[in-house]
Amino acid sequence: IHAGRMAEPWARRAEAAIGRHVPLHLHRTGTLFDPEAIRSASGGPFGVYSPFMRAARAAPPPAAPLPAPRHIPAAAAPPSDRLEDWHLLPTKPDWAGGLRATWQPGEAGAGARLAAFAAAGLARYHESRNIAGLAAGTSMLSPHLHWGEISAAQVWHASAAAAEHAGRGMETFQNEVLWREFAAYTLWHAPHLPERPLREVFSGLPWRDDRRALRAWQRGRTGIPMVDAGMRQLWQTGWMHNRVRMIAGSFLVKHLLTAWQVGEAWFWDTLVDADLASNAASWQWVTGCGIDSQPFFRVFNPVLQGRKFDRDGAYVRRFVPELARLPDTHVHAPWEAPETVLEAAGVVLDRTYPRPIVGLSEGRARALDAYGEISVGGR
């Protein structure tokens, strides 16, 4: 049996079990490098992204993908049902409409998205990847990569081929591909990544169990427009902009003081690109408890983040349409708007749109107090 090697713990257990009964040949398919190939000077695995990235760039790149064979000899197909006969797609209500409009699953869809991004989005990627309302700002290749509809090697070589005109955008994009690689690499060497913090001291954080606040976050009803827009984009399309994932994740973990594993589980259930390694590594990064983490005391202000990365409010207006008529100055913080402005925009706080479920200053202070209860690096 020939198969692609996977980093997920359950896949590794299955591979070991199968290998005890039949000859099993595992190949590198989903990543750029074999997980044991990139090592630090001491011979151990890297625990921080930047030196890993430099080592990966110094290593020989993966071979360019071969063209698809014209013909694959195969036995006659056995009798089979038609997928349509199983009636799997939802109808009443058709909650998959936004997913259907956003994605073209399969190899052809993946190739078309890569080609469009390389031609029109790659050169400006370093500038546009954080602009939430910009439709072509990111590649949106993550679901295709996760489901094996396109390989990391294909993406790498396609971006490298555009180096002459893409320049800095290509380099920034490849660094993001290497971040995905680093997540898989970390899961390989630390299989407990999805369950426990890599920095064990963070196991003692005093998390809150506020089911009402969690439900508001999941439904995009927190009263914080940038967070709500991201959570509604996730529910409607199965995907969320990369910058907004950080904003929404930070709000859940820091302002609501909800355990990162809870957010990780929700993303696992709702993302079409739900990748165990990337999902877990990113949630640990937001929390500050992973090996390669943002400072634990850094708390994103979602209003300032919105005003910086959604300046004209296009992203919020698309996914939180009840705020669409608010002026740019107030669309990210409607509770600060004068009553006359709210009235002109048809916004009635706590009726058409909720007030914030937690004050931003209050939530930040509560998070810092909680983090202060554990000893982190002498702080």
# chains A, B, ... in the order shown; residues from 1 in each chain; ligands from 1
>>> select_by_dssp(residues="region 69-224 of chain A", states="helix (DSSP H, G or I)", output="ChimeraX atom specification")
/A:83-86,97-102,107-120,122-128,142-146,152-161,163-166,168-189,200-204,211-219
>>> closest_atom_pairs(of="region 68-101 of chain A", to="region 268-279 of chain A", cutoff="12 Å", atoms="only C-alpha atoms", output="JSON lines")
{"residue": "A:Ala96", "atom": "CA", "partner": "A:Thr270", "partner_atom": "CA", "distance": 11.5}
{"residue": "A:Gly98", "atom": "CA", "partner": "A:Val272", "partner_atom": "CA", "distance": 11.9}
{"residue": "A:Leu99", "atom": "CA", "partner": "A:Val272", "partner_atom": "CA", "distance": 8.7}
{"residue": "A:Arg100", "atom": "CA", "partner": "A:Val272", "partner_atom": "CA", "distance": 11.4}
>>> write_last_selection(atoms="C-alpha atoms", output="PDB file, in the first residue's frame")
ATOM      1  CA  ALA A  96     -24.960  25.647   2.668  1.00  0.00           C
ATOM      2  CA  GLY A  98     -22.981  30.616   1.184  1.00  0.00           C
ATOM      3  CA  LEU A  99     -20.517  27.743   1.026  1.00  0.00           C
ATOM      4  CA  ARG A 100     -21.763  26.735  -2.408  1.00  0.00           C
TER       5      ARG A 100
END
>>> atom_distance(atom1="CA of Ile247 (chain A)", atom2="CA of Gln305 (chain A)")
7.4 Å
>>> residues_around(residues="region 202-205 of chain A", least_positions_apart="4", cutoff="7 Å", atoms="only C-alpha atoms", output="JSON, numbers by chain")
{"A": [197, 289, 370, 371, 374]}
>>> write_last_selection(atoms="all heavy atoms", output="compact mmCIF listing (two decimals), in the first residue's frame")
# COMPACT_ATOMS: atom_id res chain seq x y z
N PRO A 197 -1.47 23.07 26.27
CA PRO A 197 -0.54 24.13 25.88
C PRO A 197 0.89 23.60 25.81
O PRO A 197 1.30 22.78 26.63
CB PRO A 197 -0.70 25.17 26.99
CG PRO A 197 -1.29 24.44 28.14
CD PRO A 197 -2.13 23.34 27.56
N CYS A 289 0.37 30.60 24.56
CA CYS A 289 0.83 29.43 25.31
C CYS A 289 1.59 28.43 24.45
O CYS A 289 1.96 27.36 24.93
CB CYS A 289 -0.35 28.73 25.97
SG CYS A 289 -1.57 28.04 24.83
N ALA A 370 -5.86 37.55 35.10
CA ALA A 370 -5.83 36.09 35.03
C ALA A 370 -4.44 35.59 34.66
O ALA A 370 -3.92 34.64 35.27
CB ALA A 370 -6.86 35.59 34.01
N TYR A 371 -3.83 36.23 33.68
CA TYR A 371 -2.49 35.82 33.28
C TYR A 371 -1.48 36.10 34.40
O TYR A 371 -0.47 35.43 34.53
CB TYR A 371 -2.07 36.54 32.00
CG TYR A 371 -2.58 35.88 30.74
CD1 TYR A 371 -3.92 35.98 30.36
CD2 TYR A 371 -1.73 35.16 29.91
CE1 TYR A 371 -4.39 35.39 29.20
CE2 TYR A 371 -2.19 34.55 28.75
CZ TYR A 371 -3.52 34.67 28.40
OH TYR A 371 -3.99 34.06 27.26
N ILE A 374 -0.46 33.30 37.02
CA ILE A 374 0.51 32.25 36.74
C ILE A 374 1.88 32.89 36.56
O ILE A 374 1.99 34.06 36.24
CB ILE A 374 0.12 31.42 35.50
CG1 ILE A 374 0.08 32.31 34.25
CG2 ILE A 374 -1.21 30.72 35.71
CD1 ILE A 374 -0.20 31.52 32.98
>>> atom_distance(atom1="CA of Glu171 (chain A)", atom2="CA of Leu66 (chain A)")
23.6 Å
>>> residues_around(residues="region 31-39 of chain A", least_positions_apart="3", cutoff="7 Å", atoms="only C-alpha atoms", output="tab-separated table (two decimals) with N, CA, C and O atoms, in the first residue's frame")
chain	number	residue	atom	x	y	z
A	28	ARG	N	5.80	11.74	1.25
A	28	ARG	CA	5.51	13.13	1.60
A	28	ARG	C	4.57	13.69	0.53
A	28	ARG	O	4.93	13.78	-0.63
A	43	GLY	N	20.48	19.32	16.56
A	43	GLY	CA	19.89	18.08	16.09
A	43	GLY	C	18.46	17.86	16.49
A	43	GLY	O	17.83	16.87	16.08
A	44	GLY	N	17.90	18.76	17.31
A	44	GLY	CA	16.52	18.62	17.73
A	44	GLY	C	15.58	19.39	16.84
A	44	GLY	O	16.01	20.12	15.93
A	45	PRO	N	14.27	19.27	17.07
A	45	PRO	CA	13.30	20.03	16.27
A	45	PRO	C	13.28	21.50	16.68
A	45	PRO	O	13.56	21.84	17.83
A	46	PHE	N	12.96	22.35	15.74
A	46	PHE	CA	12.83	23.78	16.03
A	46	PHE	C	11.56	24.01	16.85
A	46	PHE	O	10.54	23.36	16.63
A	55	ALA	N	15.84	27.84	8.09
A	55	ALA	CA	16.38	26.52	7.77
A	55	ALA	C	15.65	25.89	6.59
A	55	ALA	O	16.26	25.25	5.72
A	56	ALA	N	14.34	26.07	6.55
A	56	ALA	CA	13.56	25.52	5.45
A	56	ALA	C	13.92	26.18	4.13
A	56	ALA	O	14.04	25.52	3.09
A	62	PRO	N	11.29	21.35	-2.52
A	62	PRO	CA	10.70	20.10	-3.02
A	62	PRO	C	10.72	20.08	-4.54
A	62	PRO	O	10.69	21.13	-5.20
A	152	ALA	N	1.17	21.45	-1.45
A	152	ALA	CA	2.01	22.57	-1.04
A	152	ALA	C	3.14	22.79	-2.05
A	152	ALA	O	3.53	23.94	-2.30
A	153	ALA	N	3.64	21.71	-2.64
A	153	ALA	CA	4.69	21.85	-3.64
A	153	ALA	C	4.18	22.58	-4.88
A	153	ALA	O	4.90	23.42	-5.46
A	181	GLU	N	3.54	24.89	7.18
A	181	GLU	CA	4.50	23.80	7.30
A	181	GLU	C	4.97	23.65	8.75
A	181	GLU	O	5.08	22.54	9.28
A	185	TYR	N	4.76	20.47	11.28
A	185	TYR	CA	6.03	20.05	11.87
A	185	TYR	C	5.92	20.00	13.39
A	185	TYR	O	6.36	19.04	14.04
A	188	TRP	N	3.77	17.09	14.51
A	188	TRP	CA	4.52	15.84	14.37
A	188	TRP	C	5.39	15.60	15.60
A	188	TRP	O	5.43	14.49	16.14
>>> residues_around(residues="Leu193 (chain A)", least_positions_apart="6", cutoff="12 Å", atoms="only C-alpha atoms", output="PDB file with N, CA, C and O atoms, in the first residue's frame")
ATOM      1  N   ALA A   7       0.457  14.006   9.682  1.00  0.00           N
ATOM      2  CA  ALA A   7       0.983  14.378  10.995  1.00  0.00           C
ATOM      3  C   ALA A   7      -0.018  14.150  12.113  1.00  0.00           C
ATOM      4  O   ALA A   7       0.362  14.119  13.285  1.00  0.00           O
ATOM      5  N   GLU A   8      -1.308  13.978  11.786  1.00  0.00           N
ATOM      6  CA  GLU A   8      -2.324  13.821  12.823  1.00  0.00           C
ATOM      7  C   GLU A   8      -2.060  12.559  13.648  1.00  0.00           C
ATOM      8  O   GLU A   8      -1.762  11.492  13.094  1.00  0.00           O
ATOM      9  N   PRO A   9      -2.174  12.631  14.962  1.00  0.00           N
ATOM     10  CA  PRO A   9      -1.880  11.464  15.806  1.00  0.00           C
ATOM     11  C   PRO A   9      -2.683  10.227  15.445  1.00  0.00           C
ATOM     12  O   PRO A   9      -2.153   9.113  15.444  1.00  0.00           O
ATOM     13  N   ALA A 183       3.393  24.471  11.441  1.00  0.00           N
ATOM     14  CA  ALA A 183       2.324  23.921  12.272  1.00  0.00           C
ATOM     15  C   ALA A 183       2.298  22.392  12.170  1.00  0.00           C
ATOM     16  O   ALA A 183       2.202  21.688  13.192  1.00  0.00           O
ATOM     17  N   ALA A 184       2.375  21.866  10.955  1.00  0.00           N
ATOM     18  CA  ALA A 184       2.395  20.412  10.777  1.00  0.00           C
ATOM     19  C   ALA A 184       3.642  19.801  11.419  1.00  0.00           C
ATOM     20  O   ALA A 184       3.591  18.729  12.038  1.00  0.00           O
ATOM     21  N   TYR A 185       4.755  20.474  11.278  1.00  0.00           N
ATOM     22  CA  TYR A 185       6.033  20.045  11.867  1.00  0.00           C
ATOM     23  C   TYR A 185       5.916  19.997  13.391  1.00  0.00           C
ATOM     24  O   TYR A 185       6.364  19.039  14.040  1.00  0.00           O
ATOM     25  N   THR A 186       5.282  21.015  13.975  1.00  0.00           N
ATOM     26  CA  THR A 186       5.118  21.062  15.426  1.00  0.00           C
ATOM     27  C   THR A 186       4.202  19.949  15.902  1.00  0.00           C
ATOM     28  O   THR A 186       4.474  19.294  16.926  1.00  0.00           O
ATOM     29  N   LEU A 187       3.112  19.700  15.187  1.00  0.00           N
ATOM     30  CA  LEU A 187       2.208  18.611  15.558  1.00  0.00           C
ATOM     31  C   LEU A 187       2.925  17.268  15.495  1.00  0.00           C
ATOM     32  O   LEU A 187       2.716  16.407  16.348  1.00  0.00           O
ATOM     33  N   ARG A 199       3.442  25.325  26.377  1.00  0.00           N
ATOM     34  CA  ARG A 199       4.086  25.863  27.579  1.00  0.00           C
ATOM     35  C   ARG A 199       3.185  25.499  28.755  1.00  0.00           C
ATOM     36  O   ARG A 199       2.149  26.109  28.986  1.00  0.00           O
ATOM     37  N   GLU A 200       3.582  24.466  29.504  1.00  0.00           N
ATOM     38  CA  GLU A 200       2.715  23.842  30.496  1.00  0.00           C
ATOM     39  C   GLU A 200       2.234  24.812  31.572  1.00  0.00           C
ATOM     40  O   GLU A 200       1.178  24.616  32.174  1.00  0.00           O
ATOM     41  N   TRP A 260      -8.896  28.354  25.107  1.00  0.00           N
ATOM     42  CA  TRP A 260      -8.619  28.317  23.671  1.00  0.00           C
ATOM     43  C   TRP A 260      -9.110  27.024  23.033  1.00  0.00           C
ATOM     44  O   TRP A 260      -9.479  27.006  21.861  1.00  0.00           O
ATOM     45  N   GLN A 261      -9.161  25.931  23.799  1.00  0.00           N
ATOM     46  CA  GLN A 261      -9.630  24.668  23.225  1.00  0.00           C
ATOM     47  C   GLN A 261     -11.094  24.753  22.794  1.00  0.00           C
ATOM     48  O   GLN A 261     -11.514  24.048  21.873  1.00  0.00           O
ATOM     49  N   GLU A 264     -10.983  26.492  19.473  1.00  0.00           N
ATOM     50  CA  GLU A 264     -10.413  25.535  18.527  1.00  0.00           C
ATOM     51  C   GLU A 264     -11.464  24.532  18.078  1.00  0.00           C
ATOM     52  O   GLU A 264     -11.563  24.196  16.891  1.00  0.00           O
ATOM     53  N   LEU A 276      -5.971  20.216  11.608  1.00  0.00           N
ATOM     54  CA  LEU A 276      -5.677  20.009  13.021  1.00  0.00           C
ATOM     55  C   LEU A 276      -4.443  20.787  13.457  1.00  0.00           C
ATOM     56  O   LEU A 276      -4.448  21.476  14.487  1.00  0.00           O
ATOM     57  N   ALA A 277      -3.373  20.716  12.688  1.00  0.00           N
ATOM     58  CA  ALA A 277      -2.122  21.364  13.068  1.00  0.00           C
ATOM     59  C   ALA A 277      -2.243  22.879  13.023  1.00  0.00           C
ATOM     60  O   ALA A 277      -1.902  23.574  13.989  1.00  0.00           O
ATOM     61  N   SER A 278      -2.715  23.425  11.918  1.00  0.00           N
ATOM     62  CA  SER A 278      -2.808  24.878  11.774  1.00  0.00           C
ATOM     63  C   SER A 278      -3.801  25.471  12.768  1.00  0.00           C
ATOM     64  O   SER A 278      -3.558  26.539  13.345  1.00  0.00           O
ATOM     65  N   ASN A 279      -4.927  24.793  12.973  1.00  0.00           N
ATOM     66  CA  ASN A 279      -5.943  25.282  13.887  1.00  0.00           C
ATOM     67  C   ASN A 279      -5.398  25.338  15.311  1.00  0.00           C
ATOM     68  O   ASN A 279      -5.476  26.361  16.001  1.00  0.00           O
ATOM     69  N   ALA A 280      -4.798  24.242  15.766  1.00  0.00           N
ATOM     70  CA  ALA A 280      -4.287  24.189  17.135  1.00  0.00           C
ATOM     71  C   ALA A 280      -3.119  25.151  17.334  1.00  0.00           C
ATOM     72  O   ALA A 280      -3.057  25.863  18.339  1.00  0.00           O
ATOM     73  N   ALA A 281      -2.195  25.179  16.392  1.00  0.00           N
ATOM     74  CA  ALA A 281      -1.028  26.061  16.529  1.00  0.00           C
ATOM     75  C   ALA A 281      -1.455  27.522  16.563  1.00  0.00           C
ATOM     76  O   ALA A 281      -0.901  28.326  17.333  1.00  0.00           O
ATOM     77  N   SER A 282      -2.444  27.881  15.755  1.00  0.00           N
ATOM     78  CA  SER A 282      -2.888  29.275  15.703  1.00  0.00           C
ATOM     79  C   SER A 282      -3.613  29.677  16.986  1.00  0.00           C
ATOM     80  O   SER A 282      -3.435  30.798  17.482  1.00  0.00           O
ATOM     81  N   TRP A 283      -4.434  28.791  17.533  1.00  0.00           N
ATOM     82  CA  TRP A 283      -5.115  29.112  18.788  1.00  0.00           C
ATOM     83  C   TRP A 283      -4.112  29.219  19.932  1.00  0.00           C
ATOM     84  O   TRP A 283      -4.252  30.075  20.812  1.00  0.00           O
ATOM     85  N   GLN A 284      -3.092  28.373  19.933  1.00  0.00           N
ATOM     86  CA  GLN A 284      -2.070  28.508  20.971  1.00  0.00           C
ATOM     87  C   GLN A 284      -1.286  29.807  20.787  1.00  0.00           C
ATOM     88  O   GLN A 284      -0.884  30.442  21.759  1.00  0.00           O
ATOM     89  N   TRP A 285      -1.076  30.212  19.547  1.00  0.00           N
ATOM     90  CA  TRP A 285      -0.375  31.484  19.293  1.00  0.00           C
ATOM     91  C   TRP A 285      -1.189  32.648  19.844  1.00  0.00           C
ATOM     92  O   TRP A 285      -0.655  33.544  20.503  1.00  0.00           O
ATOM     93  N   CYS A 289       0.370  30.601  24.559  1.00  0.00           N
ATOM     94  CA  CYS A 289       0.829  29.426  25.307  1.00  0.00           C
ATOM     95  C   CYS A 289       1.587  28.425  24.451  1.00  0.00           C
ATOM     96  O   CYS A 289       1.959  27.362  24.931  1.00  0.00           O
ATOM     97  N   GLY A 290       1.803  28.743  23.180  1.00  0.00           N
ATOM     98  CA  GLY A 290       2.548  27.833  22.323  1.00  0.00           C
ATOM     99  C   GLY A 290       4.039  28.104  22.395  1.00  0.00           C
ATOM    100  O   GLY A 290       4.506  29.017  23.077  1.00  0.00           O
ATOM    101  N   ILE A 291       4.801  27.296  21.674  1.00  0.00           N
ATOM    102  CA  ILE A 291       6.245  27.512  21.650  1.00  0.00           C
ATOM    103  C   ILE A 291       6.556  28.814  20.924  1.00  0.00           C
ATOM    104  O   ILE A 291       7.343  29.635  21.395  1.00  0.00           O
TER     105      ILE A 291
END
>>> atom_distance(atom1="CA of Gln174 (chain A)", atom2="CA of Ser128 (chain A)")
14.8 Å
>>> residues_around(residues="Ala118 (chain A)", least_positions_apart="3", cutoff="7 Å", atoms="only C-alpha atoms", output="compact mmCIF listing (two decimals) with N, CA, C and O atoms, in the first residue's frame")
# COMPACT_ATOMS: atom_id res chain seq x y z
N LEU A 114 -5.60 29.04 -7.66
CA LEU A 114 -4.16 29.30 -7.62
C LEU A 114 -3.74 30.16 -8.81
O LEU A 114 -2.98 31.12 -8.66
N ALA A 115 -4.23 29.84 -9.99
CA ALA A 115 -3.87 30.60 -11.19
C ALA A 115 -4.33 32.05 -11.07
O ALA A 115 -3.59 32.99 -11.41
N GLY A 121 -3.22 38.49 -7.47
CA GLY A 121 -3.13 38.81 -6.05
C GLY A 121 -1.75 38.69 -5.44
O GLY A 121 -1.46 39.34 -4.42
N LEU A 122 -0.89 37.88 -6.03
CA LEU A 122 0.39 37.56 -5.40
C LEU A 122 1.29 38.77 -5.26
O LEU A 122 1.93 38.98 -4.22
N SER A 159 4.17 29.99 -7.04
CA SER A 159 4.54 31.32 -6.54
C SER A 159 5.96 31.67 -6.93
O SER A 159 6.26 32.81 -7.27
N ALA A 162 6.41 33.13 -10.30
CA ALA A 162 5.97 34.52 -10.46
C ALA A 162 6.91 35.49 -9.77
O ALA A 162 6.58 36.67 -9.60
>>> decode(residues="region 272-291 of chain A", atoms="N, CA, C and O atoms", output="PDB file, in the first residue's frame")
ATOM      1  N   VAL A 272     -14.120  25.163   6.613  1.00  0.00           N
ATOM      2  CA  VAL A 272     -13.919  24.194   5.534  1.00  0.00           C
ATOM      3  C   VAL A 272     -12.443  23.855   5.381  1.00  0.00           C
ATOM      4  O   VAL A 272     -12.096  22.865   4.730  1.00  0.00           O
ATOM      5  N   ASP A 273     -11.558  24.666   5.968  1.00  0.00           N
ATOM      6  CA  ASP A 273     -10.129  24.369   5.914  1.00  0.00           C
ATOM      7  C   ASP A 273      -9.620  23.880   7.273  1.00  0.00           C
ATOM      8  O   ASP A 273      -8.436  24.006   7.583  1.00  0.00           O
ATOM      9  N   ALA A 274     -10.525  23.308   8.104  1.00  0.00           N
ATOM     10  CA  ALA A 274     -10.154  22.916   9.466  1.00  0.00           C
ATOM     11  C   ALA A 274      -9.029  21.887   9.450  1.00  0.00           C
ATOM     12  O   ALA A 274      -9.243  20.705   9.226  1.00  0.00           O
ATOM     13  N   ASP A 275      -7.831  22.367   9.675  1.00  0.00           N
ATOM     14  CA  ASP A 275      -6.635  21.543   9.683  1.00  0.00           C
ATOM     15  C   ASP A 275      -6.170  21.424  11.130  1.00  0.00           C
ATOM     16  O   ASP A 275      -6.001  22.438  11.817  1.00  0.00           O
ATOM     17  N   LEU A 276      -5.971  20.216  11.608  1.00  0.00           N
ATOM     18  CA  LEU A 276      -5.677  20.009  13.021  1.00  0.00           C
ATOM     19  C   LEU A 276      -4.443  20.787  13.457  1.00  0.00           C
ATOM     20  O   LEU A 276      -4.448  21.476  14.487  1.00  0.00           O
ATOM     21  N   ALA A 277      -3.373  20.716  12.688  1.00  0.00           N
ATOM     22  CA  ALA A 277      -2.122  21.364  13.068  1.00  0.00           C
ATOM     23  C   ALA A 277      -2.243  22.879  13.023  1.00  0.00           C
ATOM     24  O   ALA A 277      -1.902  23.574  13.989  1.00  0.00           O
ATOM     25  N   SER A 278      -2.715  23.425  11.918  1.00  0.00           N
ATOM     26  CA  SER A 278      -2.808  24.878  11.774  1.00  0.00           C
ATOM     27  C   SER A 278      -3.801  25.471  12.768  1.00  0.00           C
ATOM     28  O   SER A 278      -3.558  26.539  13.345  1.00  0.00           O
ATOM     29  N   ASN A 279      -4.927  24.793  12.973  1.00  0.00           N
ATOM     30  CA  ASN A 279      -5.943  25.282  13.887  1.00  0.00           C
ATOM     31  C   ASN A 279      -5.398  25.338  15.311  1.00  0.00           C
ATOM     32  O   ASN A 279      -5.476  26.361  16.001  1.00  0.00           O
ATOM     33  N   ALA A 280      -4.798  24.242  15.766  1.00  0.00           N
ATOM     34  CA  ALA A 280      -4.287  24.189  17.135  1.00  0.00           C
ATOM     35  C   ALA A 280      -3.119  25.151  17.334  1.00  0.00           C
ATOM     36  O   ALA A 280      -3.057  25.863  18.339  1.00  0.00           O
ATOM     37  N   ALA A 281      -2.195  25.179  16.392  1.00  0.00           N
ATOM     38  CA  ALA A 281      -1.028  26.061  16.529  1.00  0.00           C
ATOM     39  C   ALA A 281      -1.455  27.522  16.563  1.00  0.00           C
ATOM     40  O   ALA A 281      -0.901  28.326  17.333  1.00  0.00           O
ATOM     41  N   SER A 282      -2.444  27.881  15.755  1.00  0.00           N
ATOM     42  CA  SER A 282      -2.888  29.275  15.703  1.00  0.00           C
ATOM     43  C   SER A 282      -3.613  29.677  16.986  1.00  0.00           C
ATOM     44  O   SER A 282      -3.435  30.798  17.482  1.00  0.00           O
ATOM     45  N   TRP A 283      -4.434  28.791  17.533  1.00  0.00           N
ATOM     46  CA  TRP A 283      -5.115  29.112  18.788  1.00  0.00           C
ATOM     47  C   TRP A 283      -4.112  29.219  19.932  1.00  0.00           C
ATOM     48  O   TRP A 283      -4.252  30.075  20.812  1.00  0.00           O
ATOM     49  N   GLN A 284      -3.092  28.373  19.933  1.00  0.00           N
ATOM     50  CA  GLN A 284      -2.070  28.508  20.971  1.00  0.00           C
ATOM     51  C   GLN A 284      -1.286  29.807  20.787  1.00  0.00           C
ATOM     52  O   GLN A 284      -0.884  30.442  21.759  1.00  0.00           O
ATOM     53  N   TRP A 285      -1.076  30.212  19.547  1.00  0.00           N
ATOM     54  CA  TRP A 285      -0.375  31.484  19.293  1.00  0.00           C
ATOM     55  C   TRP A 285      -1.189  32.648  19.844  1.00  0.00           C
ATOM     56  O   TRP A 285      -0.655  33.544  20.503  1.00  0.00           O
ATOM     57  N   VAL A 286      -2.483  32.667  19.551  1.00  0.00           N
ATOM     58  CA  VAL A 286      -3.343  33.751  20.033  1.00  0.00           C
ATOM     59  C   VAL A 286      -3.332  33.803  21.560  1.00  0.00           C
ATOM     60  O   VAL A 286      -3.301  34.882  22.169  1.00  0.00           O
ATOM     61  N   THR A 287      -3.362  32.640  22.185  1.00  0.00           N
ATOM     62  CA  THR A 287      -3.396  32.572  23.640  1.00  0.00           C
ATOM     63  C   THR A 287      -2.060  32.968  24.256  1.00  0.00           C
ATOM     64  O   THR A 287      -2.008  33.497  25.366  1.00  0.00           O
ATOM     65  N   GLY A 288      -0.976  32.716  23.535  1.00  0.00           N
ATOM     66  CA  GLY A 288       0.352  32.988  24.059  1.00  0.00           C
ATOM     67  C   GLY A 288       0.964  31.800  24.752  1.00  0.00           C
ATOM     68  O   GLY A 288       1.959  31.935  25.464  1.00  0.00           O
ATOM     69  N   CYS A 289       0.370  30.601  24.559  1.00  0.00           N
ATOM     70  CA  CYS A 289       0.829  29.426  25.307  1.00  0.00           C
ATOM     71  C   CYS A 289       1.587  28.425  24.451  1.00  0.00           C
ATOM     72  O   CYS A 289       1.959  27.362  24.931  1.00  0.00           O
ATOM     73  N   GLY A 290       1.803  28.743  23.180  1.00  0.00           N
ATOM     74  CA  GLY A 290       2.548  27.833  22.323  1.00  0.00           C
ATOM     75  C   GLY A 290       4.039  28.104  22.395  1.00  0.00           C
ATOM     76  O   GLY A 290       4.506  29.017  23.077  1.00  0.00           O
ATOM     77  N   ILE A 291       4.801  27.296  21.674  1.00  0.00           N
ATOM     78  CA  ILE A 291       6.245  27.512  21.650  1.00  0.00           C
ATOM     79  C   ILE A 291       6.556  28.814  20.924  1.00  0.00           C
ATOM     80  O   ILE A 291       7.343  29.635  21.395  1.00  0.00           O
TER      81      ILE A 291
END
